[in-house]
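Here's target.pdb, which has PDB, C-alpha atoms and all ligand atoms:
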MODEL        1
ATOM      1  CA  MET A   1      14.054  34.415  16.297  1.00  0.00           C
ATOM      2  CA  SER A   2      12.084  31.186  16.100  1.00  0.00           C
ATOM      3  CA  GLU A   3       8.318  31.217  15.533  1.00  0.00           C
ATOM      4  CA  ALA A   4       5.895  30.227  18.296  1.00  0.00           C
ATOM      5  CA  PRO A   5       4.796  26.594  18.009  1.00  0.00           C
ATOM      6  CA  SER A   6       1.726  26.133  15.817  1.00  0.00           C
ATOM      7  CA  VAL A   7      -1.520  24.828  17.253  1.00  0.00           C
ATOM      8  CA  PHE A   8      -0.688  21.472  15.664  1.00  0.00           C
ATOM      9  CA  SER A   9       2.755  21.333  17.309  1.00  0.00           C
ATOM     10  CA  ARG A  10       0.976  21.986  20.606  1.00  0.00           C
ATOM     11  CA  ILE A  11      -1.395  19.091  19.868  1.00  0.00           C
ATOM     12  CA  VAL A  12       1.538  16.827  18.886  1.00  0.00           C
ATOM     13  CA  SER A  13       3.320  17.655  22.166  1.00  0.00           C
ATOM     14  CA  GLY A  14       0.142  17.006  24.185  1.00  0.00           C
ATOM     15  CA  GLU A  15      -0.108  20.603  25.405  1.00  0.00           C
ATOM     16  CA  ILE A  16      -3.538  20.884  23.755  1.00  0.00           C
ATOM     17  CA  PRO A  17      -5.586  17.746  24.458  1.00  0.00           C
ATOM     18  CA  THR A  18      -7.166  16.005  21.478  1.00  0.00           C
ATOM     19  CA  THR A  19      -8.667  12.590  20.864  1.00  0.00           C
ATOM     20  CA  LEU A  20      -6.335  10.894  18.409  1.00  0.00           C
ATOM     21  CA  LEU A  21      -8.029   8.812  15.729  1.00  0.00           C
ATOM     22  CA  ALA A  22      -4.761   7.438  14.337  1.00  0.00           C
ATOM     23  CA  GLU A  23      -1.082   7.663  15.164  1.00  0.00           C
ATOM     24  CA  THR A  24       2.104   6.378  13.562  1.00  0.00           C
ATOM     25  CA  ASP A  25       5.717   7.189  14.431  1.00  0.00           C
ATOM     26  CA  ARG A  26       5.517  10.268  12.187  1.00  0.00           C
ATOM     27  CA  VAL A  27       1.856  11.238  11.836  1.00  0.00           C
ATOM     28  CA  ILE A  28      -1.228  11.911  13.966  1.00  0.00           C
ATOM     29  CA  ALA A  29      -4.880  12.296  13.000  1.00  0.00           C
ATOM     30  CA  PHE A  30      -7.818  13.849  14.815  1.00  0.00           C
ATOM     31  CA  ALA A  31     -11.176  15.488  14.101  1.00  0.00           C
ATOM     32  CA  ASP A  32     -11.235  19.104  12.959  1.00  0.00           C
ATOM     33  CA  ILE A  33     -12.560  21.400  15.697  1.00  0.00           C
ATOM     34  CA  ALA A  34     -14.822  23.234  13.206  1.00  0.00           C
ATOM     35  CA  PRO A  35     -16.028  20.560  10.778  1.00  0.00           C
ATOM     36  CA  GLN A  36     -16.977  21.651   7.271  1.00  0.00           C
ATOM     37  CA  ALA A  37     -18.299  18.260   6.120  1.00  0.00           C
ATOM     38  CA  PRO A  38     -20.102  15.348   7.794  1.00  0.00           C
ATOM     39  CA  VAL A  39     -16.658  13.794   8.255  1.00  0.00           C
ATOM     40  CA  HIS A  40     -13.779  16.263   8.596  1.00  0.00           C
ATOM     41  CA  LEU A  41     -10.514  14.885   9.926  1.00  0.00           C
ATOM     42  CA  LEU A  42      -6.969  16.243   9.916  1.00  0.00           C
ATOM     43  CA  VAL A  43      -3.812  14.246   9.246  1.00  0.00           C
ATOM     44  CA  VAL A  44      -0.744  16.034  10.569  1.00  0.00           C
ATOM     45  CA  PRO A  45       2.943  15.120  10.410  1.00  0.00           C
ATOM     46  CA  LYS A  46       4.511  15.344  13.864  1.00  0.00           C
ATOM     47  CA  THR A  47       7.426  17.375  12.550  1.00  0.00           C
ATOM     48  CA  ALA A  48       6.965  21.145  12.287  1.00  0.00           C
ATOM     49  CA  GLU A  49       9.608  21.295   9.557  1.00  0.00           C
ATOM     50  CA  TYR A  50       7.195  21.703   6.614  1.00  0.00           C
ATOM     51  CA  ARG A  51       4.772  24.621   6.299  1.00  0.00           C
ATOM     52  CA  ASP A  52       2.747  23.188   3.431  1.00  0.00           C
ATOM     53  CA  VAL A  53       2.383  20.244   1.087  1.00  0.00           C
ATOM     54  CA  VAL A  54       4.784  21.690  -1.491  1.00  0.00           C
ATOM     55  CA  GLU A  55       7.582  21.820   1.087  1.00  0.00           C
ATOM     56  CA  LEU A  56       6.647  18.352   2.329  1.00  0.00           C
ATOM     57  CA  ALA A  57       6.630  16.811  -1.147  1.00  0.00           C
ATOM     58  CA  ALA A  58      10.052  18.301  -1.888  1.00  0.00           C
ATOM     59  CA  GLY A  59      11.564  17.551   1.516  1.00  0.00           C
ATOM     60  CA  ASP A  60      10.157  14.152   2.452  1.00  0.00           C
ATOM     61  CA  PRO A  61       8.007  12.425  -0.173  1.00  0.00           C
ATOM     62  CA  SER A  62       7.748   9.271   1.931  1.00  0.00           C
ATOM     63  CA  LEU A  63       6.187  11.285   4.749  1.00  0.00           C
ATOM     64  CA  LEU A  64       3.665  12.727   2.294  1.00  0.00           C
ATOM     65  CA  ALA A  65       2.873   9.181   1.170  1.00  0.00           C
ATOM     66  CA  GLU A  66       2.359   8.232   4.809  1.00  0.00           C
ATOM     67  CA  VAL A  67      -0.089  11.139   5.273  1.00  0.00           C
ATOM     68  CA  VAL A  68      -2.072   9.870   2.264  1.00  0.00           C
ATOM     69  CA  GLU A  69      -1.973   6.296   3.579  1.00  0.00           C
ATOM     70  CA  VAL A  70      -3.284   7.352   6.995  1.00  0.00           C
ATOM     71  CA  ALA A  71      -5.980   9.458   5.288  1.00  0.00           C
ATOM     72  CA  SER A  72      -7.057   6.466   3.236  1.00  0.00           C
ATOM     73  CA  SER A  73      -7.246   4.128   6.189  1.00  0.00           C
ATOM     74  CA  LEU A  74      -9.215   6.704   8.213  1.00  0.00           C
ATOM     75  CA  ALA A  75     -11.600   7.106   5.276  1.00  0.00           C
ATOM     76  CA  LYS A  76     -12.148   3.342   5.171  1.00  0.00           C
ATOM     77  CA  GLU A  77     -13.174   3.554   8.808  1.00  0.00           C
ATOM     78  CA  HIS A  78     -15.220   6.777   8.741  1.00  0.00           C
ATOM     79  CA  THR A  79     -16.583   7.334   5.215  1.00  0.00           C
ATOM     80  CA  GLY A  80     -16.729   3.933   3.547  1.00  0.00           C
ATOM     81  CA  GLY A  81     -13.409   4.576   1.803  1.00  0.00           C
ATOM     82  CA  GLU A  82     -14.310   7.554  -0.406  1.00  0.00           C
ATOM     83  CA  PHE A  83     -12.943  10.935   0.526  1.00  0.00           C
ATOM     84  CA  ARG A  84     -11.701  14.346  -0.561  1.00  0.00           C
ATOM     85  CA  LEU A  85      -8.120  15.198   0.440  1.00  0.00           C
ATOM     86  CA  VAL A  86      -7.386  18.933   0.709  1.00  0.00           C
ATOM     87  CA  PHE A  87      -4.111  20.705   1.425  1.00  0.00           C
ATOM     88  CA  ASN A  88      -4.758  24.417   1.664  1.00  0.00           C
ATOM     89  CA  THR A  89      -1.532  26.061   0.544  1.00  0.00           C
ATOM     90  CA  GLY A  90      -1.148  29.751   1.289  1.00  0.00           C
ATOM     91  CA  GLU A  91      -3.373  32.336   2.933  1.00  0.00           C
ATOM     92  CA  SER A  92      -5.429  33.155  -0.147  1.00  0.00           C
ATOM     93  CA  ALA A  93      -6.189  29.431  -0.473  1.00  0.00           C
ATOM     94  CA  GLY A  94      -7.543  29.360   3.074  1.00  0.00           C
ATOM     95  CA  GLN A  95      -4.496  28.087   4.967  1.00  0.00           C
ATOM     96  CA  THR A  96      -4.487  29.338   8.551  1.00  0.00           C
ATOM     97  CA  VAL A  97      -2.081  26.906  10.237  1.00  0.00           C
ATOM     98  CA  PHE A  98       1.373  26.829   8.661  1.00  0.00           C
ATOM     99  CA  HIS A  99       2.268  23.318   9.784  1.00  0.00           C
ATOM    100  CA  VAL A 100       1.424  21.017   6.898  1.00  0.00           C
ATOM    101  CA  HIS A 101      -1.805  19.060   7.301  1.00  0.00           C
ATOM    102  CA  ALA A 102      -4.308  17.225   5.150  1.00  0.00           C
ATOM    103  CA  HIS A 103      -8.052  17.712   5.486  1.00  0.00           C
ATOM    104  CA  VAL A 104      -9.904  14.417   4.996  1.00  0.00           C
ATOM    105  CA  LEU A 105     -13.462  15.289   4.011  1.00  0.00           C
ATOM    106  CA  GLY A 106     -16.237  12.832   3.391  1.00  0.00           C
ATOM    107  CA  GLY A 107     -19.833  11.843   3.772  1.00  0.00           C
ATOM    108  CA  SER A 108     -22.200  12.692   0.902  1.00  0.00           C
ATOM    109  CA  LEU A 109     -20.089  15.455  -0.649  1.00  0.00           C
ATOM    110  CA  GLN A 110     -21.569  16.870  -3.830  1.00  0.00           C
ATOM    111  CA  GLU A 111     -19.899  17.331  -7.205  1.00  0.00           C
ATOM    112  CA  GLY A 112     -19.142  20.953  -7.975  1.00  0.00           C
ATOM    113  CA  THR A 113     -18.555  21.961  -4.365  1.00  0.00           C
ATOM    114  CA  LEU A 114     -14.847  22.645  -4.590  1.00  0.00           C
ATOM    115  CA  GLY A 115     -13.480  26.167  -4.382  1.00  0.00           C
ATOM    116  CA  GLY A 116     -16.181  27.955  -2.418  1.00  0.00           C
ATOM    117  CA  ALA A 117     -15.444  31.676  -2.180  1.00  0.00           C
TER     118      ALA A 117
HETATM  119  P1  LIG B 201      -6.201  25.382   7.356  1.00  0.00           P
HETATM  120  O1  LIG B 201      -7.192  26.517   7.371  1.00  0.00           O
HETATM  121  O2  LIG B 201      -4.834  25.853   7.795  1.00  0.00           O
HETATM  122  O3  LIG B 201      -6.152  24.588   6.072  1.00  0.00           O
HETATM  123  O4  LIG B 201      -6.736  24.334   8.423  1.00  0.00           O
HETATM  124  C1  LIG B 201      -6.603  24.486   9.791  1.00  0.00           C
HETATM  125  C2  LIG B 201      -7.711  23.690  10.408  1.00  0.00           C
HETATM  126  O5  LIG B 201      -7.383  23.441  11.753  1.00  0.00           O
HETATM  127  C3  LIG B 201      -9.075  24.380  10.405  1.00  0.00           C
HETATM  128  O6  LIG B 201     -10.017  23.597   9.692  1.00  0.00           O
HETATM  129  C4  LIG B 201      -9.422  24.511  11.896  1.00  0.00           C
HETATM  130  O7  LIG B 201     -10.797  24.313  12.160  1.00  0.00           O
HETATM  131  C5  LIG B 201      -8.544  23.450  12.531  1.00  0.00           C
HETATM  132  N1  LIG B 201      -8.136  23.747  13.903  1.00  0.00           N
HETATM  133  C6  LIG B 201      -7.607  24.910  14.357  1.00  0.00           C
HETATM  134  N2  LIG B 201      -7.333  24.821  15.675  1.00  0.00           N
HETATM  135  C7  LIG B 201      -7.687  23.561  16.048  1.00  0.00           C
HETATM  136  C8  LIG B 201      -7.634  22.880  17.308  1.00  0.00           C
HETATM  137  O8  LIG B 201      -7.207  23.404  18.356  1.00  0.00           O
HETATM  138  N3  LIG B 201      -8.081  21.598  17.329  1.00  0.00           N
HETATM  139  C9  LIG B 201      -8.560  20.973  16.190  1.00  0.00           C
HETATM  140  N4  LIG B 201      -8.990  19.716  16.328  1.00  0.00           N
HETATM  141  N5  LIG B 201      -8.629  21.597  15.000  1.00  0.00           N
HETATM  142  C10 LIG B 201      -8.189  22.879  14.933  1.00  0.00           C
ENDMDL
END
Give the structure from this file in structure tokens form.
Amino acid sequence: MSEAPSVFSRIVSGEIPTTLLAETDRVIAFADIAPQAPVHLLVVPKTAEYRDVVELAAGDPSLLAEVVEVASSLAKEHTGGEFRLVFNTGESAGQTVFHVHAHVLGGSLQEGTLGGA
């Protein structure tokens, strides 16, 4: 039995409306609905094939590179080019949506703020 489409697949298909901040043939980007930093964007491959960044890196490294490229260009636009790129991988690491995505965080982030419990 196939799994129900993830919230990100429903955004990719247009079922859930979102303001896109960037789009390529294979990737979309939009603001996180519950921001955890002054700038908190998500970069999401359109394909639902990969649950997390480990699967993506193994299955399609060029798509992972494209995610990073889109993150970088968004950061140039929204945070002056400096950013934190986070891929939560697994439930105990905070992953809630099992459709690979990168969090682009920026805007006066402090050293020593990674890994909050
Ligand atoms: P994860 O916890 O899997 O690393 O990240 C999932 C992220 O998706 C969370 O930061 C959450 O706020 C965000 N999110 C969940 N549902 C929606 C939605 O419908 N729209 C947007 N823009 N973000 C969402």
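Here the PyMOL selection byres (((chain A and resi 38-41) around 8) and not hetatm) matches the residues Ala29, Phe30, Ala31, Asp32, Pro35, Gln36, Ala37, Leu42, Val43, His78, Thr79, His103, Val104, Leu105, Gly106, Gly107 and Ser108 of chain A.
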* To do: Take atom CA of A:Thr47 and atom CA of A:Arg26 and report the distance between them in Å, one decimal.
  =>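 That distance, rounded to one decimal, is 7.4 Å.
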Return as a tab-separated table the residues of chain A lying at most 8 Å from ligand LIG 201 (chain B), together with the closest atom-to-atom pair for each and the distance in Å to one decimal, counting all atoms listed in the file, with rows in chain order and ascending residue number.
residue	atom	partner	partner_atom	distance
A:Val7	CA	B:LIG201	O8	6.0
A:Phe8	CA	B:LIG201	C8	7.3
A:Ile11	CA	B:LIG201	O8	7.4
A:Ile16	CA	B:LIG201	O8	7.0
A:Thr18	CA	B:LIG201	N4	6.6
A:Phe30	CA	B:LIG201	N4	6.2
A:Ala31	CA	B:LIG201	N4	5.3
A:Asp32	CA	B:LIG201	N4	4.1
A:Ile33	CA	B:LIG201	N5	4.0
A:Ala34	CA	B:LIG201	O7	4.3
A:Pro35	CA	B:LIG201	O7	6.6
A:Gln36	CA	B:LIG201	O6	7.6
A:Leu42	CA	B:LIG201	O5	7.4
A:Val86	CA	B:LIG201	O3	7.9
A:Phe87	CA	B:LIG201	O3	6.4
A:Asn88	CA	B:LIG201	O3	4.6
A:Thr89	CA	B:LIG201	O3	7.4
A:Gly94	CA	B:LIG201	O1	5.2
A:Gln95	CA	B:LIG201	O2	3.6
A:Thr96	CA	B:LIG201	O2	3.6
A:Val97	CA	B:LIG201	O2	3.8
A:Phe98	CA	B:LIG201	O2	6.3
A:His99	CA	B:LIG201	O2	7.8
A:Val100	CA	B:LIG201	O2	8.0
A:His101	CA	B:LIG201	O3	7.1
A:Ala102	CA	B:LIG201	O3	7.6
A:His103	CA	B:LIG201	O3	7.2
* **Picked residues, the PyMOL selection byres (((chain A and resi 115) around 12) and not hetatm), as a list in words** =>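 Selected by the PyMOL selection byres (((chain A and resi 115) around 12) and not hetatm) here: Val86, Asn88, Ser92, Ala93, Gly94, Glu111, Gly112, Thr113, Leu114, Gly116 and Ala117 of chain A.
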* Asked: Care to translate the PyMOL selection byres (((chain A and resi 66) around 12) and not hetatm) into actual residues of this file, as a PyMOL selection string?
  -> chain A and resi 22-29+43-46+56-57+60-65+67-73+101-102
* Asked: What is the atom CA of A:Tyr50 to atom CA of A:Leu20 distance in Å?
  -> 21.0 Å
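Atom CA of A:Arg10 is positioned 14.0 Å from atom CA of A:Glu49.
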* To do: Return the single residue from A:Leu74, A:Leu109, A:Ala58, A:Ala48 that is closest to A:Val12, with distances computed using only C-alpha atoms.
  => A:Ala48
* Smallest atom-to-atom distance to A:Asp52: which of A:Pro17, A:Glu91, A:Lys76, A:Phe83, using only C-alpha atoms? ->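 For A:Asp52, the nearest of the given residues is A:Glu91.
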